[in-house]
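Engineer: Supplied structure: model00.cif, mmCIF, C-alpha atoms and all ligand atoms.
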data_structure
#
loop_
_atom_site.label_atom_id
_atom_site.label_comp_id
_atom_site.auth_asym_id
_atom_site.auth_seq_id
_atom_site.Cartn_x
_atom_site.Cartn_y
_atom_site.Cartn_z
CA MET I 5 78.08 -16.19 -18.65
CA GLN I 6 75.88 -13.55 -20.23
CA ASN I 7 72.81 -14.22 -18.08
CA LYS I 8 74.66 -14.56 -14.82
CA THR I 9 74.01 -12.03 -12.09
CA ILE I 10 76.47 -10.87 -9.47
CA ILE I 11 75.89 -12.70 -6.20
CA LEU I 12 77.35 -9.78 -4.24
CA ASP I 13 74.36 -7.71 -5.43
CA TYR I 14 72.14 -9.25 -2.76
CA THR I 15 71.52 -8.57 0.89
CA LYS I 16 71.40 -11.71 2.99
CA ASP I 17 67.59 -11.71 3.05
CA GLU I 18 67.39 -11.28 -0.71
CA LEU I 19 69.82 -14.15 -1.18
CA ALA I 20 67.75 -16.31 1.17
CA GLU I 21 64.85 -15.82 -1.26
CA LEU I 22 66.98 -17.12 -4.11
CA ILE I 23 68.76 -20.00 -2.40
CA LYS I 24 66.68 -22.60 -0.67
CA PRO I 25 66.69 -23.61 2.11
CA ALA I 26 67.23 -20.10 3.42
CA PHE I 27 69.99 -20.93 5.93
CA ARG I 28 72.25 -21.61 2.96
CA ALA I 29 72.40 -17.85 2.36
CA LYS I 30 74.23 -17.37 5.66
CA GLN I 31 76.67 -20.12 4.75
CA VAL I 32 77.31 -18.68 1.31
CA TYR I 33 77.81 -15.24 2.89
CA GLY I 34 80.43 -16.77 5.19
CA TRP I 35 82.29 -18.31 2.26
CA MET I 36 82.25 -15.07 0.31
CA TYR I 37 82.95 -12.48 2.96
CA HIS I 38 84.86 -14.37 5.65
CA LYS I 39 86.62 -17.24 3.92
CA TYR I 40 87.26 -15.36 0.69
CA ALA I 41 86.20 -18.28 -1.55
CA LYS I 42 87.35 -17.82 -5.14
CA HIS I 43 85.00 -20.43 -6.57
CA PHE I 44 81.64 -21.88 -5.56
CA ASP I 45 83.31 -25.31 -5.55
CA GLU I 46 85.28 -24.32 -2.43
CA MET I 47 82.07 -24.02 -0.42
CA GLN I 48 82.40 -27.43 1.18
CA ASN I 49 79.33 -27.43 3.42
CA ILE I 50 77.09 -26.55 0.47
CA PRO I 51 75.75 -29.62 -1.40
CA LYS I 52 77.46 -30.26 -4.70
CA THR I 53 74.26 -29.84 -6.74
CA LEU I 54 73.59 -26.45 -5.17
CA ARG I 55 77.19 -25.38 -5.80
CA ALA I 56 76.78 -26.26 -9.46
CA GLU I 57 73.49 -24.35 -9.55
CA LEU I 58 75.10 -21.30 -7.99
CA ASP I 59 77.93 -21.44 -10.49
CA GLU I 60 75.43 -21.51 -13.32
CA LYS I 61 73.46 -18.56 -11.99
CA PHE I 62 75.99 -16.24 -10.43
CA ILE I 63 79.30 -14.47 -10.86
CA LEU I 64 81.20 -14.70 -7.57
CA MET I 65 83.73 -11.87 -8.02
CA PRO I 66 82.84 -9.28 -10.67
CA LEU I 67 86.15 -7.40 -10.50
CA THR I 68 89.54 -8.12 -12.01
CA ALA I 69 92.46 -5.94 -11.00
CA VAL I 70 94.00 -4.68 -14.23
CA GLN I 71 96.37 -2.20 -12.67
CA LYS I 72 97.73 -1.60 -9.21
CA GLU I 73 99.95 1.20 -8.00
CA GLN I 74 101.42 1.43 -4.55
CA SER I 75 102.53 4.70 -3.07
CA LYS I 76 105.39 5.16 -0.60
CA ASP I 77 102.93 6.00 2.17
CA GLY I 78 101.11 2.69 1.82
CA THR I 79 98.23 3.89 -0.35
CA ILE I 80 97.30 1.39 -3.03
CA LYS I 81 95.28 2.47 -6.04
CA TYR I 82 93.48 -0.19 -8.06
CA LEU I 83 92.05 -0.09 -11.51
CA PHE I 84 89.38 -2.80 -11.68
CA ALA I 85 87.71 -4.18 -14.79
CA LEU I 86 83.98 -4.92 -14.47
CA PRO I 87 82.26 -7.88 -16.16
CA ASP I 88 81.52 -5.72 -19.24
CA GLY I 89 85.14 -4.60 -19.48
CA LYS I 90 84.55 -1.05 -18.24
CA THR I 91 87.02 0.13 -15.60
CA ILE I 92 86.77 1.89 -12.25
CA GLU I 93 89.16 2.95 -9.53
CA ALA I 94 89.25 2.11 -5.85
CA VAL I 95 91.90 3.10 -3.33
CA LEU I 96 93.10 1.47 -0.12
CA LEU I 97 94.30 4.08 2.34
CA LEU I 98 96.41 3.17 5.29
CA MET I 99 95.18 5.75 7.77
CA LYS I 100 97.34 4.49 10.63
CA PRO I 101 100.01 1.81 10.35
CA GLU I 102 100.17 -1.09 12.76
CA GLU I 103 102.29 -0.42 15.85
CA LEU I 104 104.46 -3.06 17.46
CA GLY I 105 105.66 -3.26 21.07
CA ASP I 106 109.20 -4.19 22.19
CA ASP I 107 108.38 -7.89 22.10
CA GLY I 108 107.03 -7.64 18.57
CA GLU I 109 103.40 -7.81 19.61
CA VAL I 110 100.81 -5.65 17.94
CA THR I 111 100.06 -2.79 20.35
CA SER I 112 97.90 -0.79 18.02
CA GLU I 113 96.08 -2.08 14.97
CA ALA I 114 96.32 -0.61 11.51
CA LYS I 115 93.40 1.49 10.33
CA TYR I 116 92.21 1.21 6.78
CA THR I 117 89.82 3.21 4.68
CA VAL I 118 88.67 2.15 1.23
CA CYS I 119 87.63 4.81 -1.24
CA VAL I 120 85.06 3.30 -3.59
CA SER I 121 83.52 4.28 -6.92
CA THR I 122 79.77 4.27 -7.49
CA GLN I 123 79.55 4.92 -11.24
CA VAL I 124 81.59 4.48 -14.38
CA GLY I 125 82.19 8.16 -15.11
CA CYS I 126 79.91 10.89 -13.78
CA LYS I 127 77.08 13.08 -15.06
CA VAL I 128 77.72 16.06 -12.81
CA GLY I 129 80.53 17.45 -14.95
CA CYS I 130 82.58 19.41 -12.40
CA THR I 131 85.12 21.52 -14.25
CA PHE I 132 87.97 20.61 -11.87
CA CYS I 133 87.44 16.84 -11.92
CA LEU I 134 89.21 14.31 -14.06
CA THR I 135 86.38 11.78 -13.80
CA ALA I 136 84.01 14.29 -15.41
CA LYS I 137 86.13 14.48 -18.56
CA GLY I 138 85.10 11.02 -19.75
CA GLY I 139 81.38 11.72 -19.30
CA PHE I 140 78.96 9.17 -17.88
CA THR I 141 78.87 5.51 -18.87
CA ARG I 142 76.74 3.65 -16.32
CA ASN I 143 75.81 3.07 -12.70
CA LEU I 144 77.57 0.39 -10.71
CA THR I 145 75.40 -2.38 -9.29
CA PRO I 146 75.41 -2.84 -5.50
CA GLY I 147 77.69 -5.87 -5.87
CA GLU I 148 80.16 -3.96 -8.01
CA ILE I 149 80.41 -1.39 -5.21
CA VAL I 150 80.71 -4.01 -2.44
CA ALA I 151 83.24 -6.04 -4.44
CA GLN I 152 85.75 -3.18 -4.36
CA VAL I 153 86.19 -3.56 -0.62
CA LEU I 154 86.09 -7.36 -0.72
CA ALA I 155 88.65 -7.60 -3.54
CA ILE I 156 90.97 -5.21 -1.72
CA LYS I 157 90.69 -7.16 1.54
CA ILE I 158 91.48 -10.39 -0.30
CA ASP I 159 94.37 -8.91 -2.28
CA ASN I 160 96.02 -7.51 0.85
CA ASN I 161 95.37 -10.53 3.07
CA ILE I 162 93.43 -8.33 5.46
CA PRO I 163 91.73 -10.63 7.98
CA ALA I 164 87.98 -10.94 7.57
CA ALA I 165 87.37 -9.68 11.12
CA LYS I 166 89.17 -6.43 10.43
CA ARG I 167 86.54 -3.72 10.05
CA MET I 168 87.30 -1.14 7.45
CA ASN I 169 86.02 2.37 6.86
CA ILE I 170 84.44 3.30 3.57
CA VAL I 171 84.32 6.63 1.81
CA TYR I 172 82.17 6.95 -1.29
CA MET I 173 84.63 9.35 -2.88
CA GLY I 174 85.82 7.45 -5.91
CA MET I 175 84.49 7.90 -9.42
CA GLY I 176 80.90 8.99 -9.79
CA GLU I 177 78.23 10.80 -7.81
CA PRO I 178 76.86 8.35 -5.20
CA LEU I 179 73.49 10.08 -4.86
CA ASP I 180 72.95 9.87 -8.61
CA ASN I 181 72.90 6.08 -8.08
CA LEU I 182 70.91 6.18 -4.87
CA ASP I 183 69.05 2.86 -5.01
CA ASN I 184 72.17 0.81 -5.69
CA LEU I 185 74.11 2.89 -3.17
CA ALA I 186 71.51 2.18 -0.48
CA THR I 187 71.61 -1.56 -1.20
CA ALA I 188 75.43 -1.52 -1.08
CA ILE I 189 75.33 0.29 2.27
CA LYS I 190 72.99 -2.41 3.62
CA ILE I 191 75.15 -5.25 2.28
CA PHE I 192 78.27 -3.68 3.84
CA LYS I 193 76.42 -3.54 7.16
CA GLU I 194 75.44 -7.25 7.20
CA GLU I 195 76.88 -8.84 10.34
CA ASP I 196 77.39 -12.11 8.46
CA GLY I 197 79.22 -10.19 5.76
CA LEU I 198 81.74 -7.36 5.98
CA ALA I 199 80.02 -5.91 9.07
CA ILE I 200 80.84 -2.29 8.28
CA GLY I 201 78.37 -0.18 10.25
CA GLY I 202 76.78 3.01 8.98
CA LYS I 203 79.04 5.09 11.19
CA ARG I 204 82.01 3.73 9.27
CA GLN I 205 80.58 4.76 5.92
CA THR I 206 80.74 8.30 4.53
CA VAL I 207 78.83 9.31 1.42
CA SER I 208 80.43 12.24 -0.36
CA THR I 209 78.15 14.25 -2.59
CA SER I 210 78.41 17.21 -4.89
CA GLY I 211 75.10 18.29 -3.38
CA LEU I 212 71.97 16.82 -4.98
CA SER I 213 69.81 18.33 -2.25
CA ASN I 214 66.64 16.29 -2.93
CA LYS I 215 68.68 13.08 -2.81
CA ILE I 216 70.35 14.15 0.45
CA ASP I 217 66.82 14.25 1.85
CA LYS I 218 66.02 10.83 0.41
CA LEU I 219 69.18 9.31 1.82
CA GLY I 220 68.34 10.82 5.20
CA GLN I 221 64.83 9.35 5.09
CA MET I 222 66.32 5.90 4.49
CA ASP I 223 67.84 6.17 7.96
CA LEU I 224 70.88 4.04 7.15
CA GLY I 225 73.05 5.71 9.79
CA VAL I 226 75.74 6.83 7.35
CA HIS I 227 77.71 10.06 7.45
CA ILE I 228 77.61 12.59 4.68
CA ALA I 229 80.30 14.83 3.31
CA ILE I 230 79.33 17.77 1.16
CA SER I 231 81.63 18.85 -1.65
CA LEU I 232 80.94 22.56 -1.20
CA HIS I 233 84.01 24.13 -2.83
CA ALA I 234 82.50 27.62 -3.16
CA VAL I 235 80.55 30.05 -1.00
CA ASP I 236 78.65 31.89 -3.70
CA ASP I 237 76.38 30.38 -6.29
CA LYS I 238 78.08 32.05 -9.25
CA LEU I 239 81.44 30.41 -8.64
CA ARG I 240 79.86 27.17 -7.48
CA THR I 241 77.87 26.91 -10.71
CA GLU I 242 81.07 27.49 -12.67
CA LEU I 243 82.75 24.63 -10.79
CA ILE I 244 79.73 22.33 -10.43
CA PRO I 245 77.22 23.07 -13.21
CA MET I 246 74.29 21.33 -11.51
CA ASN I 247 74.52 23.91 -8.72
CA LYS I 248 71.99 25.79 -10.87
CA ALA I 249 69.36 23.25 -9.85
CA HIS I 250 70.69 22.57 -6.35
CA ASN I 251 72.05 25.84 -5.06
CA ILE I 252 74.04 26.39 -1.87
CA ASN I 253 71.03 27.34 0.18
CA SER I 254 69.10 24.20 -0.81
CA ILE I 255 72.08 22.06 0.19
CA ILE I 256 72.48 23.77 3.57
CA GLU I 257 68.76 23.29 4.25
CA ALA I 258 68.95 19.59 3.29
CA VAL I 259 71.97 19.10 5.56
CA LYS I 260 70.04 20.61 8.46
CA ARG I 261 67.30 18.01 7.91
CA PHE I 262 69.73 15.08 7.64
CA PRO I 263 69.75 12.69 10.63
CA ILE I 264 73.17 13.12 12.18
CA ASP I 265 74.60 11.31 15.16
CA THR I 266 74.62 13.97 17.88
CA ARG I 267 78.31 13.35 18.56
CA LYS I 268 79.24 13.81 14.94
CA ARG I 269 79.70 16.67 12.52
CA VAL I 270 78.88 17.07 8.88
CA MET I 271 81.96 17.29 6.79
CA PHE I 272 82.20 20.06 4.22
CA GLU I 273 84.86 19.53 1.63
CA TYR I 274 86.33 22.71 0.22
CA LEU I 275 88.59 22.32 -2.77
CA VAL I 276 90.97 25.27 -2.68
CA ILE I 277 91.81 26.61 -6.13
CA LYS I 278 94.47 29.28 -6.59
CA GLY I 279 92.97 32.70 -7.21
CA LYS I 280 89.39 31.39 -7.29
CA ASN I 281 88.15 30.68 -3.79
CA ASP I 282 91.25 31.03 -1.63
CA ASP I 283 90.84 34.61 -0.36
CA LYS I 284 89.91 35.99 3.02
CA GLU I 285 86.49 37.10 1.78
CA SER I 286 85.62 33.48 0.88
CA ALA I 287 86.84 32.27 4.27
CA LYS I 288 84.68 34.90 5.91
CA LYS I 289 81.60 33.85 3.94
CA LEU I 290 82.27 30.21 4.74
CA VAL I 291 82.26 30.93 8.46
CA LYS I 292 78.93 32.72 8.08
CA LEU I 293 77.40 30.02 5.90
CA LEU I 294 78.19 27.24 8.35
CA SER I 295 77.53 29.24 11.50
CA ASP I 296 74.48 27.27 12.65
CA ILE I 297 75.55 23.80 11.52
CA LYS I 298 77.65 21.30 13.42
CA ALA I 299 80.21 21.32 10.68
CA LYS I 300 83.78 20.39 10.07
CA VAL I 301 85.65 21.73 7.08
CA ASN I 302 88.21 19.80 5.12
CA LEU I 303 90.39 21.91 2.89
CA ILE I 304 91.63 20.07 -0.17
CA PHE I 305 94.48 21.22 -2.37
CA PHE I 306 93.33 21.35 -5.98
CA ASN I 307 95.27 18.52 -7.57
CA PRO I 308 96.25 19.55 -11.11
CA TYR I 309 96.30 17.10 -14.01
CA PRO I 310 97.50 17.58 -17.58
CA GLY I 311 95.31 20.22 -19.19
CA SER I 312 93.45 21.13 -16.00
CA PRO I 313 92.07 24.67 -16.05
CA TYR I 314 93.02 25.57 -12.47
CA GLU I 315 96.09 25.79 -10.28
CA ARG I 316 97.11 24.41 -6.93
CA PRO I 317 97.27 26.95 -4.09
CA SER I 318 100.41 27.45 -2.04
CA VAL I 319 100.81 25.81 1.34
CA LYS I 320 100.86 29.28 2.89
CA THR I 321 97.48 30.16 1.38
CA MET I 322 96.01 26.91 2.68
CA VAL I 323 97.38 27.50 6.15
CA ASN I 324 96.09 31.07 6.19
CA PHE I 325 92.65 29.91 5.12
CA GLN I 326 92.62 27.22 7.79
CA GLU I 327 93.83 29.64 10.47
CA TYR I 328 91.06 32.06 9.64
CA LEU I 329 88.39 29.37 9.95
CA ILE I 330 89.79 28.01 13.20
CA ASN I 331 90.14 31.50 14.69
CA HIS I 332 86.50 32.07 13.87
CA GLY I 333 85.28 28.93 15.58
CA LEU I 334 85.16 26.36 12.78
CA LEU I 335 86.79 22.97 13.03
CA CYS I 336 89.06 22.67 10.05
CA THR I 337 91.62 20.25 8.73
CA ILE I 338 93.77 20.25 5.63
CA ARG I 339 93.75 17.04 3.67
CA GLN I 340 97.17 15.81 2.87
CA SER I 341 97.45 14.17 -0.49
CA LYS I 342 97.66 10.50 0.22
CA GLY I 343 99.62 8.70 -2.41
CA ILE I 344 100.38 11.87 -4.28
CA ASP I 345 103.15 10.05 -6.14
CA ILE I 346 100.55 7.79 -7.71
CA SER I 347 98.01 10.63 -8.13
CA ALA I 348 94.43 9.64 -7.54
CA ALA I 349 92.06 10.66 -10.31
CA CYS I 350 89.30 9.75 -7.89
CA GLY I 351 90.51 12.69 -5.87
CA GLN I 352 90.77 10.84 -2.62
CA LEU I 353 93.03 12.65 -0.26
CA LYS I 354 93.91 11.77 3.25
CA GLU I 355 92.74 13.93 6.03
CA LYS I 356 95.48 15.03 8.33
CA GLU I 357 95.67 17.92 10.66
CA ARG I 358 98.50 20.29 9.94
CA GLU I 359 100.46 22.31 12.38
CA THR I 360 99.93 25.93 11.61
CA ASP I 361 102.22 28.83 12.20
CA SER I 362 100.93 31.57 10.06
CA ASP I 363 100.54 35.24 10.41
CA ASP I 364 99.01 37.98 8.38
CA TRP I 365 95.33 36.99 8.01
CA SER I 366 93.92 37.37 11.51
N1 LIG I 401 80.96 12.84 -6.63
C1 LIG I 401 81.22 12.93 -5.24
C2 LIG I 401 82.25 11.94 -4.76
C3 LIG I 401 83.38 11.68 -5.66
S1 LIG I 401 84.48 13.03 -5.98
C4 LIG I 401 81.63 14.33 -4.85
O1 LIG I 401 81.86 15.15 -5.74
O2 LIG I 401 81.67 14.59 -3.66
C5 LIG I 401 85.43 12.94 -4.50
C6 LIG I 401 86.23 14.18 -4.15
O3 LIG I 401 87.30 14.35 -5.05
C7 LIG I 401 85.41 15.45 -4.17
O4 LIG I 401 85.47 16.13 -2.94
C8 LIG I 401 86.09 16.24 -5.25
O5 LIG I 401 86.03 17.57 -4.96
C9 LIG I 401 87.52 15.72 -5.22
N2 LIG I 401 88.25 16.05 -6.44
C10 LIG I 401 87.84 15.92 -7.71
N3 LIG I 401 88.77 16.40 -8.56
C11 LIG I 401 89.79 16.85 -7.80
C12 LIG I 401 91.05 17.46 -8.09
N4 LIG I 401 91.44 17.71 -9.33
N5 LIG I 401 91.85 17.80 -7.04
C13 LIG I 401 91.47 17.53 -5.78
N6 LIG I 401 90.29 16.96 -5.44
C14 LIG I 401 89.46 16.63 -6.44
FE1 LIG I 402 81.32 13.78 -10.37
FE2 LIG I 402 82.32 14.24 -7.90
FE3 LIG I 402 83.87 14.50 -10.11
FE4 LIG I 402 81.96 16.27 -9.65
S1 LIG I 402 83.76 15.90 -8.34
S2 LIG I 402 82.38 15.29 -11.63
S3 LIG I 402 80.38 15.00 -8.75
S4 LIG I 402 82.95 12.64 -9.35
#
Using the file provided, produce a representation of the structure as structure tokens.
Ligand code: SAH
Ligand code: SF4
Structural biologist:
Amino acid sequence: MQNKTIILDYTKDELAELIKPAFRAKQVYGWMYHKYAKHFDEMQNIPKTLRAELDEKFILMPLTAVQKEQSKDGTIKYLFALPDGKTIEAVLLLMKPEELGDDGEVTSEAKYTVCVSTQVGCKVGCTFCLTAKGGFTRNLTPGEIVAQVLAIKIDNNIPAAKRMNIVYMGMGEPLDNLDNLATAIKIFKEEDGLAIGGKRQTVSTSGLSNKIDKLGQMDLGVHIAISLHAVDDKLRTELIPMNKAHNINSIIEAVKRFPIDTRKRVMFEYLVIKGKNDDKESAKKLVKLLSDIKAKVNLIFFNPYPGSPYERPSVKTMVNFQEYLINHGLLCTIRQSKGIDISAACGQLKEKERETDSDDWS
């Protein structure tokens, strides 16, 4: 057991180097990602000796669900144990439920997004974030990232052909684990695997500007979301200590260099904290800061937890802030807490446009 590696760690080409003849890699991929095999012994078209060899060398599924909470809105939060017993969270978000016609036929398919973790803990140490409290333990391997989506598909009987969206917004800072993140992105994209294209994958980062550049140079076709949260460096450094090394300006410059699909926008996440960054002056600065970027802003309610140092803003404040941005030409949505009754420490909140009917901010 100890020396086994995780078979989900490998791209199809890498696996073809390890399993001979090479075409077996495609077959094994099919068993793992399409037929949801639970054991190498189920892989009937693989010779018995090879199956035994695979079983000796590899772990097939590195995750065990140790806790599962389902919210009223369909969100399911998982706590998974890794092979070394450490735990991480992943969340299945039902973005749009399936719609049925009069005759019971599916007229519109359900849309799912999986929020995945990339590290056990996090080094960045944001003062508003629950993950930061436990410090950093280790990076996830590519297979431990990929397995979160696979395990969730299997657990929910989601057909293999159903393409999911992925947001790297769970525990950890994805760009602080860039090599494994890049491999996971490639494995997700494999047509013989989960076939989740770059456009369906969004990497959320607290803003390691040099790594934003590196990710861009890899040309993987993924989207990025920037956790901005503040418009001046003083407050941003209070919220995200490593802003000292990667200040707002360096992030904006890196975003401008990032290869973005011309039809798409870069998402800026703005965590709204009562009395900290929720005033008109901040909104004004935000408009200015993003004025020459194809941006979209997502306002997030600060989600308090026991002992958290900040407070949640009122709905009215959020709506006022949003109104101001929209009236000044910025696209802006307010993220509705998805599964608020199960509270996501990974901070994943569903994006949903709100109707606005506010007044006094102009
Ligand atoms: N490390 C990456 C991705 C994981 S954090 C990043 O920071 O972008 C994912 C999101 O959860 C971030 O946008 C973060 O701001 C948000 N988040 C963290 N703590 C939160 C809280 N207490 N309330 C609401 N959102 C929170
Ligand atoms: Fe890490 Fe993101 Fe939490 Fe900051 S918000 S501590 S970067 S997981």
Engineer: What does the list of residues within 6 Å of ligand LIG 401 (chain I) look like if you count all atoms listed in the file, written as a tab-separated table (two decimals) with C-alpha atoms, in the coordinates of the input?
Structural biologist:
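Result file pocket-v3.tsv:
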chain	number	residue	atom	x	y	z
I	132	PHE	CA	87.97	20.61	-11.87
I	133	CYS	CA	87.44	16.84	-11.92
I	134	LEU	CA	89.21	14.31	-14.06
I	173	MET	CA	84.63	9.35	-2.88
I	174	GLY	CA	85.82	7.45	-5.91
I	175	MET	CA	84.49	7.90	-9.42
I	176	GLY	CA	80.90	8.99	-9.79
I	177	GLU	CA	78.23	10.80	-7.81
I	208	SER	CA	80.43	12.24	-0.36
I	209	THR	CA	78.15	14.25	-2.59
I	210	SER	CA	78.41	17.21	-4.89
I	231	SER	CA	81.63	18.85	-1.65
I	273	GLU	CA	84.86	19.53	1.63
I	275	LEU	CA	88.59	22.32	-2.77
I	305	PHE	CA	94.48	21.22	-2.37
I	306	PHE	CA	93.33	21.35	-5.98
I	307	ASN	CA	95.27	18.52	-7.57
I	308	PRO	CA	96.25	19.55	-11.11
I	350	CYS	CA	89.30	9.75	-7.89
I	351	GLY	CA	90.51	12.69	-5.87
I	352	GLN	CA	90.77	10.84	-2.62
Engineer: Would you compute an axis-aligned box for ligand LIG 402 (chain I), covering every atom listed for it in the file with 8 Å of margin on each side, and report centre and edge lengths in Å to one decimal as JSON?
Structural biologist:
{"center_x": 82.1, "center_y": 14.5, "center_z": -9.8, "size_x": 19.5, "size_y": 19.6, "size_z": 19.7}
Engineer: Calculate how many Å separate atom CA of Lys278 of chain I from atom CA of Glu257 of chain I, rounding to one decimal.
Structural biologist: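 Between these atoms lies a distance of 28.5 Å.
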Engineer: Could you check the closest approach to ligand LIG 402 (chain I) for each of I:Lys166, I:Arg267, I:Lys127, I:Lys42 and tell me which residue wins, using only C-alpha atoms and all ligand atoms?
Structural biologist: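 Of I:Lys166, I:Arg267, I:Lys127, I:Lys42, the one nearest ligand LIG 402 (chain I) is I:Lys127, counting only C-alpha atoms and all ligand atoms.
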Engineer: Could you name the residues that touch segment 324-338 of chain I at 6 Å or less, counting all atoms listed in the file, but leaving out those on the same chain fewer than 5 positions away, as a list in words?
Structural biologist: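 Listed by chain and then number, they are Lys300, Val301, Asn302, Leu303 and Glu357 of chain I.
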Engineer: Some atoms are missing, so please complete segment 270-281 of chain I with N, CA and C atoms and return it as an mmCIF file, in the coordinates of the input.
Structural biologist:
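Saved as result_16.cif:
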data_model
loop_
_atom_site.group_PDB
_atom_site.id
_atom_site.type_symbol
_atom_site.label_atom_id
_atom_site.label_comp_id
_atom_site.auth_asym_id
_atom_site.auth_seq_id
_atom_site.Cartn_x
_atom_site.Cartn_y
_atom_site.Cartn_z
ATOM 1 N N VAL I 270 78.957 17.254 10.325
ATOM 2 C CA VAL I 270 78.880 17.070 8.880
ATOM 3 C C VAL I 270 80.154 17.648 8.278
ATOM 4 N N MET I 271 80.739 16.850 7.425
ATOM 5 C CA MET I 271 81.960 17.290 6.790
ATOM 6 C C MET I 271 81.663 18.104 5.531
ATOM 7 N N PHE I 272 82.286 19.263 5.446
ATOM 8 C CA PHE I 272 82.200 20.060 4.220
ATOM 9 C C PHE I 272 83.561 20.068 3.563
ATOM 10 N N GLU I 273 83.599 19.537 2.354
ATOM 11 C CA GLU I 273 84.860 19.530 1.630
ATOM 12 C C GLU I 273 84.970 20.831 0.835
ATOM 13 N N TYR I 274 86.134 21.435 0.910
ATOM 14 C CA TYR I 274 86.330 22.710 0.220
ATOM 15 C C TYR I 274 87.624 22.609 -0.576
ATOM 16 N N LEU I 275 87.452 22.443 -1.871
ATOM 17 C CA LEU I 275 88.590 22.320 -2.770
ATOM 18 C C LEU I 275 89.157 23.721 -2.983
ATOM 19 N N VAL I 276 90.395 23.926 -2.568
ATOM 20 C CA VAL I 276 90.970 25.270 -2.680
ATOM 21 C C VAL I 276 91.698 25.411 -4.013
ATOM 22 N N ILE I 277 91.257 26.386 -4.799
ATOM 23 C CA ILE I 277 91.810 26.610 -6.130
ATOM 24 C C ILE I 277 92.465 27.997 -6.150
ATOM 25 N N LYS I 278 93.694 28.031 -6.594
ATOM 26 C CA LYS I 278 94.470 29.280 -6.590
ATOM 27 C C LYS I 278 93.723 30.409 -7.309
ATOM 28 N N GLY I 279 93.562 31.509 -6.605
ATOM 29 C CA GLY I 279 92.970 32.700 -7.210
ATOM 30 C C GLY I 279 91.469 32.639 -7.452
ATOM 31 N N LYS I 280 90.826 31.555 -7.030
ATOM 32 C CA LYS I 280 89.390 31.390 -7.290
ATOM 33 C C LYS I 280 88.563 31.513 -6.011
ATOM 34 N N ASN I 281 88.957 30.755 -5.015
ATOM 35 C CA ASN I 281 88.150 30.680 -3.790
ATOM 36 C C ASN I 281 89.028 30.643 -2.552
#
